[in-house]
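Q: For reference, the file protein.txt (compact mmCIF, C-alpha atoms (C1' of nucleotides)) is included below:
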```txt
# COMPACT_ATOMS: atom_id res chain seq x y z
CA MET A 19 54.64 -9.02 40.78
CA GLU A 20 52.26 -11.14 42.79
CA GLU A 21 51.29 -14.54 41.44
CA LYS A 22 47.91 -15.29 40.02
CA LEU A 23 45.37 -16.59 42.50
CA LYS A 24 45.14 -20.37 42.13
CA ILE A 25 41.63 -21.78 42.26
CA VAL A 26 40.45 -25.36 42.51
CA PHE A 27 36.83 -25.60 41.37
CA MET A 28 34.50 -28.33 42.59
CA GLY A 29 31.08 -28.82 41.07
CA THR A 30 28.89 -31.09 38.98
CA SER A 31 25.52 -29.70 37.87
CA ASP A 32 24.35 -27.37 35.10
CA PHE A 33 24.47 -24.63 37.67
CA ALA A 34 28.10 -25.44 38.43
CA GLY A 35 28.87 -25.49 34.72
CA ILE A 36 27.73 -21.91 34.23
CA VAL A 37 29.72 -20.77 37.26
CA LEU A 38 32.83 -22.52 35.98
CA GLU A 39 32.40 -20.98 32.57
CA SER A 40 32.49 -17.50 34.08
CA LEU A 41 35.60 -18.37 36.10
CA THR A 42 37.42 -19.36 32.95
CA GLY A 43 37.04 -15.76 31.83
CA SER A 44 38.40 -14.39 35.12
CA PRO A 45 41.96 -13.22 35.81
CA TYR A 46 42.51 -16.20 38.11
CA GLU A 47 44.22 -19.48 37.39
CA ILE A 48 42.09 -22.61 37.62
CA SER A 49 44.53 -25.32 38.71
CA ALA A 50 42.01 -28.13 38.52
CA VAL A 51 38.34 -28.97 38.34
CA VAL A 52 36.91 -31.66 40.58
CA THR A 53 33.65 -33.23 39.47
CA GLN A 54 31.68 -36.43 40.01
CA PRO A 55 32.68 -39.56 38.10
CA ASP A 56 30.78 -40.10 34.86
CA SER A 57 27.82 -42.34 35.27
CA ARG A 58 27.55 -44.80 32.49
CA ASP A 59 24.48 -45.60 30.49
CA LYS A 60 23.61 -47.95 27.66
CA LYS A 61 22.90 -44.96 25.49
CA GLY A 62 26.13 -43.16 26.36
CA ASN A 63 27.48 -41.15 29.24
CA LEU A 64 25.26 -38.81 31.14
CA PRO A 65 26.20 -35.23 30.37
CA ASN A 66 28.45 -33.43 32.81
CA PRO A 67 28.76 -29.78 31.77
CA VAL A 68 31.55 -29.15 34.26
CA ARG A 69 33.69 -31.91 32.78
CA ASP A 70 32.97 -30.66 29.25
CA ILE A 71 33.84 -27.04 29.99
CA ALA A 72 37.03 -28.04 31.77
CA GLN A 73 37.99 -30.19 28.81
CA LYS A 74 37.37 -27.37 26.38
CA ASN A 75 39.58 -25.05 28.39
CA ASN A 76 42.33 -27.60 28.95
CA ILE A 77 41.91 -27.60 32.69
CA LYS A 78 43.03 -30.62 34.70
CA ILE A 79 39.99 -32.77 35.55
CA LEU A 80 39.73 -34.89 38.68
CA GLN A 81 36.84 -37.31 39.10
CA PRO A 82 37.57 -39.15 42.34
CA GLU A 83 35.28 -41.97 43.47
CA LYS A 84 36.14 -41.20 47.06
CA LEU A 85 37.46 -38.09 48.76
CA ASP A 86 40.10 -40.10 50.58
CA GLU A 87 43.70 -39.56 51.63
CA ASN A 88 45.09 -40.08 48.14
CA PHE A 89 42.82 -37.41 46.80
CA THR A 90 43.62 -35.06 49.66
CA ASN A 91 47.31 -35.35 48.91
CA GLU A 92 46.78 -34.74 45.24
CA ILE A 93 44.93 -31.52 46.00
CA LYS A 94 47.58 -30.42 48.47
CA GLY A 95 50.14 -30.86 45.71
CA LEU A 96 48.33 -28.26 43.61
CA ARG A 97 48.87 -25.67 46.37
CA PRO A 98 45.52 -23.93 45.75
CA ASP A 99 44.87 -20.51 47.26
CA VAL A 100 41.12 -20.95 47.35
CA PHE A 101 38.43 -23.55 46.64
CA ILE A 102 35.26 -22.62 44.88
CA VAL A 103 32.46 -25.12 45.30
CA ALA A 104 29.14 -25.11 43.47
CA SER A 105 26.77 -28.08 43.90
CA TYR A 106 29.45 -30.75 43.87
CA GLY A 107 27.11 -33.47 45.03
CA LYS A 108 29.11 -34.96 47.87
CA ILE A 109 29.93 -33.73 51.32
CA ILE A 110 33.51 -32.52 51.33
CA PRO A 111 35.51 -33.45 54.46
CA GLU A 112 36.76 -30.64 56.64
CA LYS A 113 40.34 -31.80 56.10
CA ILE A 114 40.06 -30.94 52.44
CA LEU A 115 38.21 -27.67 53.00
CA GLU A 116 41.07 -26.50 55.22
CA ILE A 117 43.74 -26.88 52.56
CA PRO A 118 43.61 -23.46 50.81
CA ARG A 119 45.01 -20.46 52.70
CA MET A 120 42.10 -18.27 51.53
CA LYS A 121 39.62 -20.99 52.55
CA SER A 122 36.75 -22.61 50.66
CA LEU A 123 33.96 -20.58 49.16
CA ASN A 124 30.57 -22.02 48.27
CA VAL A 125 28.09 -20.65 45.78
CA HIS A 126 24.68 -21.69 47.09
CA ALA A 127 21.43 -21.10 45.22
CA SER A 128 19.27 -19.80 48.05
CA LEU A 129 19.12 -16.96 50.53
CA LEU A 130 20.77 -18.74 53.42
CA PRO A 131 19.90 -19.70 56.09
CA LYS A 132 16.80 -20.58 54.08
CA LEU A 133 16.93 -23.83 52.10
CA ARG A 134 20.16 -25.33 53.28
CA GLY A 135 20.90 -28.58 51.52
CA PRO A 136 21.23 -30.17 48.12
CA SER A 137 18.11 -28.98 46.28
CA PRO A 138 17.50 -25.28 46.95
CA ILE A 139 16.37 -24.39 43.43
CA GLN A 140 13.80 -27.17 43.24
CA ASN A 141 12.49 -26.44 46.70
CA SER A 142 12.01 -22.73 46.11
CA LEU A 143 9.84 -23.69 43.12
CA LEU A 144 8.02 -26.44 45.03
CA GLN A 145 7.09 -23.94 47.72
CA GLY A 146 5.83 -21.50 45.12
CA ASP A 147 8.24 -18.82 46.37
CA LYS A 148 8.28 -15.47 44.61
CA GLU A 149 11.88 -14.79 45.47
CA THR A 150 15.10 -16.66 46.05
CA GLY A 151 18.74 -15.79 45.64
CA ILE A 152 22.41 -16.57 45.76
CA THR A 153 24.66 -16.79 48.77
CA ILE A 154 28.44 -16.85 48.72
CA MET A 155 29.74 -18.26 51.96
CA LEU A 156 32.70 -19.86 53.66
CA MET A 157 32.42 -23.59 54.01
CA ASP A 158 32.61 -25.34 57.35
CA LYS A 159 31.89 -28.90 58.39
CA GLY A 160 28.12 -28.40 58.50
CA ILE A 161 25.90 -28.43 55.43
CA ASP A 162 25.56 -24.86 54.19
CA THR A 163 26.10 -23.47 57.68
CA GLY A 164 29.21 -21.35 57.05
CA ASP A 165 29.59 -17.61 57.47
CA ILE A 166 28.10 -15.46 54.72
CA LEU A 167 30.27 -13.26 52.50
CA SER A 168 27.62 -11.89 50.15
CA GLN A 169 24.06 -12.38 48.93
CA LYS A 170 21.84 -11.33 46.06
CA LYS A 171 18.07 -11.66 45.70
CA ILE A 172 16.48 -12.99 42.52
CA ALA A 173 12.78 -12.78 41.66
CA ILE A 174 10.96 -15.95 40.61
CA ASN A 175 8.38 -15.44 37.88
CA ASP A 176 5.28 -17.62 37.53
CA ASP A 177 6.61 -19.04 34.30
CA ASP A 178 10.04 -19.87 35.68
CA ASP A 179 10.89 -23.52 35.92
CA TYR A 180 14.00 -25.40 37.01
CA ILE A 181 15.75 -24.67 33.73
CA THR A 182 15.14 -20.94 33.59
CA LEU A 183 15.62 -20.36 37.30
CA THR A 184 18.87 -22.34 37.37
CA SER A 185 20.16 -20.27 34.53
CA LYS A 186 19.17 -16.97 36.18
CA LEU A 187 20.71 -17.98 39.48
CA ALA A 188 23.90 -19.28 37.92
CA VAL A 189 24.42 -16.15 35.86
CA ALA A 190 23.77 -13.88 38.85
CA GLY A 191 25.80 -16.19 41.06
CA SER A 192 28.78 -16.03 38.73
CA LYS A 193 28.82 -12.27 38.79
CA LEU A 194 28.44 -12.14 42.52
CA LEU A 195 31.19 -14.73 42.92
CA LEU A 196 33.76 -12.83 40.89
CA HIS A 197 32.93 -9.68 42.75
CA THR A 198 33.10 -11.42 46.11
CA VAL A 199 36.36 -13.23 45.41
CA SER A 200 38.19 -10.06 44.49
CA LYS A 201 37.01 -8.31 47.65
CA TRP A 202 37.66 -11.37 49.78
CA ILE A 203 41.27 -11.76 48.75
CA ASN A 204 41.85 -8.11 49.45
CA GLY A 205 40.46 -8.54 52.94
CA GLU A 206 37.51 -6.23 52.31
CA ILE A 207 34.81 -8.59 53.59
CA ASN A 208 33.84 -9.43 57.14
CA PRO A 209 32.04 -12.79 57.20
CA VAL A 210 28.62 -12.72 58.88
CA LYS A 211 27.31 -15.63 60.92
CA GLN A 212 24.07 -17.28 59.87
CA ASN A 213 21.02 -17.08 62.08
CA ASP A 214 20.45 -20.78 62.72
CA GLY A 215 17.00 -20.10 64.15
CA GLU A 216 15.73 -19.10 60.73
CA ALA A 217 17.26 -22.05 58.91
CA THR A 218 15.22 -24.39 56.74
CA LEU A 219 16.47 -27.61 55.18
CA CYS A 220 15.87 -29.32 51.88
CA GLN A 221 16.43 -32.96 51.05
CA LEU A 222 18.01 -34.75 48.18
CA ILE A 223 15.35 -35.37 45.55
CA GLU A 224 14.41 -38.92 44.72
CA LYS A 225 12.83 -40.34 41.64
CA SER A 226 9.71 -41.25 43.58
CA ASP A 227 9.18 -37.59 44.49
CA GLY A 228 7.99 -37.16 40.92
CA GLN A 229 4.80 -39.17 41.43
CA ILE A 230 1.70 -37.00 41.18
CA PHE A 231 -0.88 -36.98 43.96
CA TRP A 232 -4.11 -35.89 42.35
CA GLY A 233 -5.54 -34.87 45.70
CA LYS A 234 -3.18 -31.92 45.75
CA SER A 235 -4.18 -28.65 44.16
CA ALA A 236 -3.48 -27.90 40.53
CA SER A 237 -1.02 -25.18 41.47
CA GLU A 238 0.89 -27.49 43.82
CA ILE A 239 1.14 -30.09 41.07
CA HIS A 240 2.22 -27.43 38.63
CA ASN A 241 4.89 -26.25 41.06
CA THR A 242 6.16 -29.82 41.26
CA PHE A 243 6.29 -29.89 37.49
CA ARG A 244 8.29 -26.64 37.39
CA ALA A 245 10.70 -27.86 40.06
CA PHE A 246 11.33 -31.31 38.58
CA ARG A 247 11.51 -30.20 34.96
CA VAL A 248 14.87 -31.76 34.23
CA TRP A 249 14.81 -34.57 36.77
CA PRO A 250 12.98 -36.65 37.91
CA GLY A 251 9.99 -35.26 36.00
CA ILE A 252 6.42 -35.92 37.13
CA TYR A 253 4.49 -39.08 36.44
CA THR A 254 1.27 -40.90 37.14
CA PHE A 255 -0.21 -44.33 36.44
CA TRP A 256 -2.85 -45.21 33.86
CA ASP A 257 -4.82 -48.43 33.84
CA ASN A 258 -5.25 -49.20 30.13
CA GLU A 259 -7.77 -52.06 30.21
CA GLY A 260 -5.86 -53.94 32.87
CA ALA A 261 -2.34 -52.99 31.82
CA VAL A 262 -1.06 -50.39 34.26
CA LYS A 263 1.42 -48.09 32.54
CA LYS A 264 3.47 -45.19 33.75
CA ILE A 265 2.83 -41.87 32.05
CA SER A 266 5.18 -38.92 32.36
CA LEU A 267 3.62 -35.50 31.90
CA THR A 268 6.15 -33.45 30.00
CA SER A 269 4.18 -30.25 29.46
CA ILE A 270 1.25 -29.11 31.59
CA SER A 271 -0.51 -26.03 32.84
CA ALA A 272 -2.76 -25.40 35.84
CA GLU A 273 -6.35 -24.19 35.89
CA GLU A 274 -6.94 -23.22 39.46
CA ASN A 275 -10.43 -21.78 39.50
CA GLU A 276 -12.39 -24.48 37.75
CA ASN A 277 -14.18 -27.05 39.84
CA GLU A 278 -15.64 -30.25 38.50
CA ASN A 279 -17.39 -31.49 41.58
CA GLU A 280 -19.00 -34.51 40.03
CA ARG A 281 -15.70 -35.98 38.81
CA HIS A 282 -13.20 -38.22 40.58
CA LEU A 283 -9.70 -37.08 41.53
CA GLY A 284 -7.39 -37.97 38.65
CA GLU A 285 -10.25 -38.33 36.14
CA VAL A 286 -9.33 -37.38 32.58
CA PHE A 287 -11.88 -35.33 30.66
CA GLN A 288 -12.35 -32.80 27.90
CA LYS A 289 -14.43 -29.69 27.55
CA GLU A 290 -15.57 -27.81 24.45
CA ASP A 291 -12.05 -26.59 23.70
CA LYS A 292 -10.86 -30.23 23.47
CA LYS A 293 -7.99 -29.73 25.89
CA ILE A 294 -7.10 -32.78 27.97
CA ARG A 295 -7.83 -32.05 31.61
CA VAL A 296 -7.32 -33.94 34.85
CA LYS A 297 -9.30 -33.13 37.98
CA THR A 298 -7.20 -32.38 41.07
CA GLY A 299 -8.00 -31.55 44.67
CA LYS A 300 -8.42 -27.93 43.62
CA GLY A 301 -8.75 -27.00 39.98
CA ASN A 302 -7.60 -28.92 36.92
CA ILE A 303 -4.34 -29.79 35.25
CA ILE A 304 -4.27 -29.39 31.48
CA ILE A 305 -1.99 -31.95 29.83
CA GLU A 306 -0.22 -30.61 26.76
CA LYS A 307 2.41 -33.27 26.19
CA LEU A 308 3.00 -36.65 27.73
CA GLN A 309 5.07 -39.79 27.38
CA LEU A 310 3.79 -43.31 27.86
CA GLU A 311 6.36 -45.75 29.18
CA GLY A 312 8.23 -47.34 26.29
CA LYS A 313 7.03 -44.67 23.87
CA ASN A 314 8.20 -41.31 22.67
CA GLU A 315 6.87 -38.04 23.96
CA THR A 316 3.67 -36.98 22.16
CA GLU A 317 1.12 -34.19 22.11
CA ALA A 318 -1.84 -35.05 24.33
CA ASN A 319 -4.24 -34.57 21.41
CA SER A 320 -2.32 -37.05 19.28
CA PHE A 321 -2.17 -39.49 22.15
CA ILE A 322 -5.93 -39.74 22.43
CA ASN A 323 -6.22 -40.45 18.69
CA GLY A 324 -4.44 -43.70 19.37
CA TYR A 325 -5.80 -44.29 22.88
CA PRO A 326 -9.36 -42.91 22.93
CA GLY A 327 -9.97 -44.79 26.19
CA PHE A 328 -7.65 -42.34 27.94
CA ILE A 329 -10.55 -39.90 28.18
CA GLY A 330 -12.73 -40.93 31.07
CA SER A 331 -10.07 -43.02 32.80
CA VAL A 332 -8.87 -42.21 36.30
CA LEU A 333 -5.15 -41.71 36.85
CA LYS A 334 -3.60 -42.96 40.05
C1' C B 10 25.23 -61.33 28.11
C1' G B 11 20.85 -56.75 33.43
C1' C B 12 14.81 -56.60 32.74
C1' G B 13 10.99 -54.89 29.44
C1' G B 14 7.95 -52.04 25.54
C1' G B 15 8.15 -50.39 20.52
C1' G B 16 9.23 -49.17 14.71
C1' U B 17 2.41 -50.06 10.00
C1' A B 18 0.01 -43.05 5.48
C1' G B 19 1.94 -36.26 7.93
C1' A B 20 0.60 -37.51 13.75
C1' G B 21 -1.21 -41.17 17.42
C1' C B 22 -2.52 -46.34 17.29
C1' A B 23 -5.02 -51.49 15.96
C1' G B 24 -3.86 -55.70 13.10
C1' U B 25 1.09 -60.24 14.38
C1' C B 26 -0.57 -65.31 18.85
C1' U B 27 -4.21 -68.45 14.68
C1' G B 28 -0.30 -66.33 7.30
C1' G B 29 -5.37 -64.93 2.98
C1' C B 30 -8.02 -57.56 -0.18
C1' A B 31 -3.69 -52.40 4.32
C1' G B 32 -7.37 -50.77 8.97
C1' C B 33 -9.04 -46.91 13.03
C1' U B 34 -8.89 -41.81 15.08
C1' C B 35 -6.78 -37.12 13.89
C1' G B 36 -4.71 -34.04 10.22
C1' U B 37 -4.70 -32.78 4.93
C1' C B 38 -7.31 -31.82 -0.08
C1' U B 39 -12.25 -31.19 -2.79
C1' G B 40 -17.36 -30.25 -2.44
C1' G B 41 -21.74 -29.38 0.71
C1' C B 42 -24.25 -27.42 5.12
C1' U B 43 -24.37 -23.60 9.06
C1' C B 44 -25.44 -16.79 11.98
C1' A B 45 -21.51 -19.59 13.95
C1' U B 46 -17.26 -23.61 15.58
C1' A B 47 -11.14 -27.36 17.24
C1' A B 48 -19.09 -28.61 14.82
C1' C B 49 -21.71 -31.67 11.01
C1' C B 50 -22.41 -34.36 5.93
C1' A B 51 -20.27 -36.44 1.26
C1' G B 52 -16.00 -37.66 -1.50
C1' G B 53 -10.51 -37.97 -2.45
C1' A B 54 -5.15 -38.14 -1.94
C1' G B 55 -1.47 -40.19 0.90
C1' G B 56 1.94 -46.99 2.52
C1' U B 57 9.36 -49.89 0.11
C1' C B 58 4.27 -52.36 7.11
C1' G B 59 12.51 -50.17 10.15
C1' C B 60 16.57 -53.00 6.94
C1' G B 61 18.44 -57.74 4.78
C1' G B 62 17.73 -62.84 3.97
C1' G B 63 14.67 -67.49 4.45
C1' U B 64 9.93 -70.62 4.47
C1' U B 65 5.22 -70.54 1.57
C1' C B 66 0.60 -70.76 -3.80
C1' A B 67 0.46 -66.51 -0.44
C1' A B 68 4.22 -62.84 4.82
C1' A B 69 2.94 -56.57 8.42
C1' U B 70 1.98 -61.67 10.42
C1' C B 71 6.22 -67.56 10.78
C1' C B 72 12.10 -68.41 10.99
C1' C B 73 17.34 -66.23 11.00
C1' G B 74 20.49 -61.82 11.10
C1' C B 75 20.93 -56.48 11.63
C1' C B 76 19.64 -51.14 12.61
C1' C B 77 17.00 -47.52 15.39
C1' C B 78 13.61 -45.34 19.46
C1' C B 79 11.86 -45.64 24.50
C1' G B 80 10.63 -47.19 29.89
C1' C B 81 12.94 -49.63 34.24
C1' A B 82 17.34 -50.99 36.79
C1' A B 83 22.42 -49.27 37.78
```
What would the structure in this file look like if it were written as structure tokens?

A:
Amino acid sequence: MEEKLKIVFMGTSDFAGIVLESLTGSPYEISAVVTQPDSRDKKGNLPNPVRDIAQKNNIKILQPEKLDENFTNEIKGLRPDVFIVASYGKIIPEKILEIPRMKSLNVHASLLPKLRGPSPIQNSLLQGDKETGITIMLMDKGIDTGDILSQKKIAINDDDDYITLTSKLAVAGSKLLLHTVSKWINGEINPVKQNDGEATLCQLIEKSDGQIFWGKSASEIHNTFRAFRVWPGIYTFWDNEGAVKKISLTSISAEENENENERHLGEVFQKEDKKIRVKTGKGNIIIEKLQLEGKNETEANSFINGYPGFIGSVLK
RNA sequence: CGCGGGGUAGAGCAGUCUGGCAGCUCGUCUGGCUCAUAACCAGGAGGUCGCGGGUUCAAAUCCCGCCCCCGCAA
């Protein structure tokens, strides 16, 4: 009888949560889950699906502040056969990656070498791509530069946003991972080097990336909205009779082929159908729901009942 | 003690500083008008002004305590 394969899982996001969930149903043993420390908030802890799923399945949870020597020794003590990493959120030192005899596998949400880095899902949406995918690869000291074990393409629909695309990718990624792991441990896969010449990089997303530039086209702004659906969202500034307030747009659509030449960029207006529109560099954005700073999210039509001056103002 | 905005009719808001009839826009109901509308006209219903206490002839408004929602920062 051979022993069960011992996995240590490392991950933090929603994407990682779905992958972990599928591993809990696999024939392998999950020795421990490593995830980011909980960030605290006045209103309670930020959700961490990985932590929650591990808790539910009675899996040991490690939330180290630093991936230092103490942590390295703790992991060594678990004698893992393989690491599985899915958007952990920190760069993992080579010393740790080298611990398992069957190496460290990463589930990355792009078709590598395209979109290496921490935000592949958002960036595929930002670029308006029609297709992305999942790559399972071996981890090395570079960022998403390791040899590829398997890949699967996923179509992006026009109505996909960060939430739906993450879910699609995670579900497909989970399947591909289980498949790949079983072949990998049986020595049935030859890793393939990445073509570095075709590589593209994506950056960590910052809150300020969510600010809208009205000079961009409606479809570019809408792509930003799709990409930043969960975080950081998209926002703009409204001068309400001298008081400049931040407004988050929480539901919008794009109207690419309309052109209101006589209006300013960022000007808010209505047409016969009463929808709230904003002029952009190319086409209009229709605002369906929004949230004024300090207030709850509201329907755009309700908002203008209370703030009729919104129509005709110019957003910055 | 991190900084700040807010809770008033089903929805969105004004009114609070300076106490004095509970307001606006939308929705809703009734009737009218129109070839027609997310249009227009007339009329109506709908409120423990977040909760508790205090001051006052009089409190949405001033004072004290509490609850809840949200933005920023981390």

Q: What residues in chain A have any atom no more than 7 Å from chain B when counting only C-alpha atoms (C1' of nucleotides), and can you write them as a PDB file with C-alpha atoms, keeping the file's coordinate frame?

A:
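This is the output file iface_1.pdb:
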```
ATOM      1  CA  ASP A 291     -12.050 -26.590  23.700  1.00  0.00           C
ATOM      2  CA  LYS A 292     -10.860 -30.230  23.470  1.00  0.00           C
ATOM      3  CA  GLU A 311       6.360 -45.750  29.180  1.00  0.00           C
ATOM      4  CA  GLY A 312       8.230 -47.340  26.290  1.00  0.00           C
ATOM      5  CA  LYS A 313       7.030 -44.670  23.870  1.00  0.00           C
ATOM      6  CA  ASN A 314       8.200 -41.310  22.670  1.00  0.00           C
ATOM      7  CA  SER A 320      -2.320 -37.050  19.280  1.00  0.00           C
ATOM      8  CA  PHE A 321      -2.170 -39.490  22.150  1.00  0.00           C
ATOM      9  CA  ASN A 323      -6.220 -40.450  18.690  1.00  0.00           C
ATOM     10  CA  GLY A 324      -4.440 -43.700  19.370  1.00  0.00           C
ATOM     11  CA  TYR A 325      -5.800 -44.290  22.880  1.00  0.00           C
TER      12      TYR A 325
END
```

Q: Quick check, in Å to one decimal: how far apart do C1' of A54 in chain B and C1' of C30 in chain B lie?

A: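 Separation between C1' of A54 in chain B and C1' of C30 in chain B: 19.7 Å.
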
Q: Give me the residues near range 152-168 of chain A as an NGL selection string, where near means some atom within 10 Å (using only C-alpha atoms (C1' of nucleotides)) and where sequence neighbours in that chain fewer than 6 positions away do not count.

A: :A and (101-104 or 109-113 or 115-116 or 120-136 or 187-188 or 190-192 or 194-195 or 197-199 or 201-202 or 207-214 or 217 or 219)

Q: Tell me, as an NGL selection string, which residues lie within 10 Å of range 137-141 of chain A, counting all atoms listed in the file; anything in the same chain fewer than 4 positions away does not count.

A: :A and (33 or 105 or 126-130 or 132-133 or 145-147 or 150-151 or 179-181 or 183-184 or 187 or 219-223 or 241-247 or 249)

Q: Compute the distance from (1.4, -46.7, 0.3) to each atom, counting all atoms listed in the file, keep the residues with any atom at most 12 Å away, and return them as an MDAnalysis selection string; use the coordinates of the file.

A: chainID B and resid 17:18 31 54:58

Q: Could you list, as a list in words, every residue within 12 Å of U64 in chain B, counting all atoms listed in the file and ignoring same-chain residues fewer than 3 positions away?

A: G28, A67, A68, C71, C72 and C73 of chain B

Q: How many Å lie between CA of Gln81 in chain A and CA of Pro67 in chain A, rounded to one decimal?

A: 13.3 Å

Q: Just give me the gap between CA of Lys24 in chain A and CA of Ser44 in chain A in Å, one decimal is fine.

A: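 Straight-line distance from CA of Lys24 in chain A to CA of Ser44 in chain A works out to 11.4 Å.
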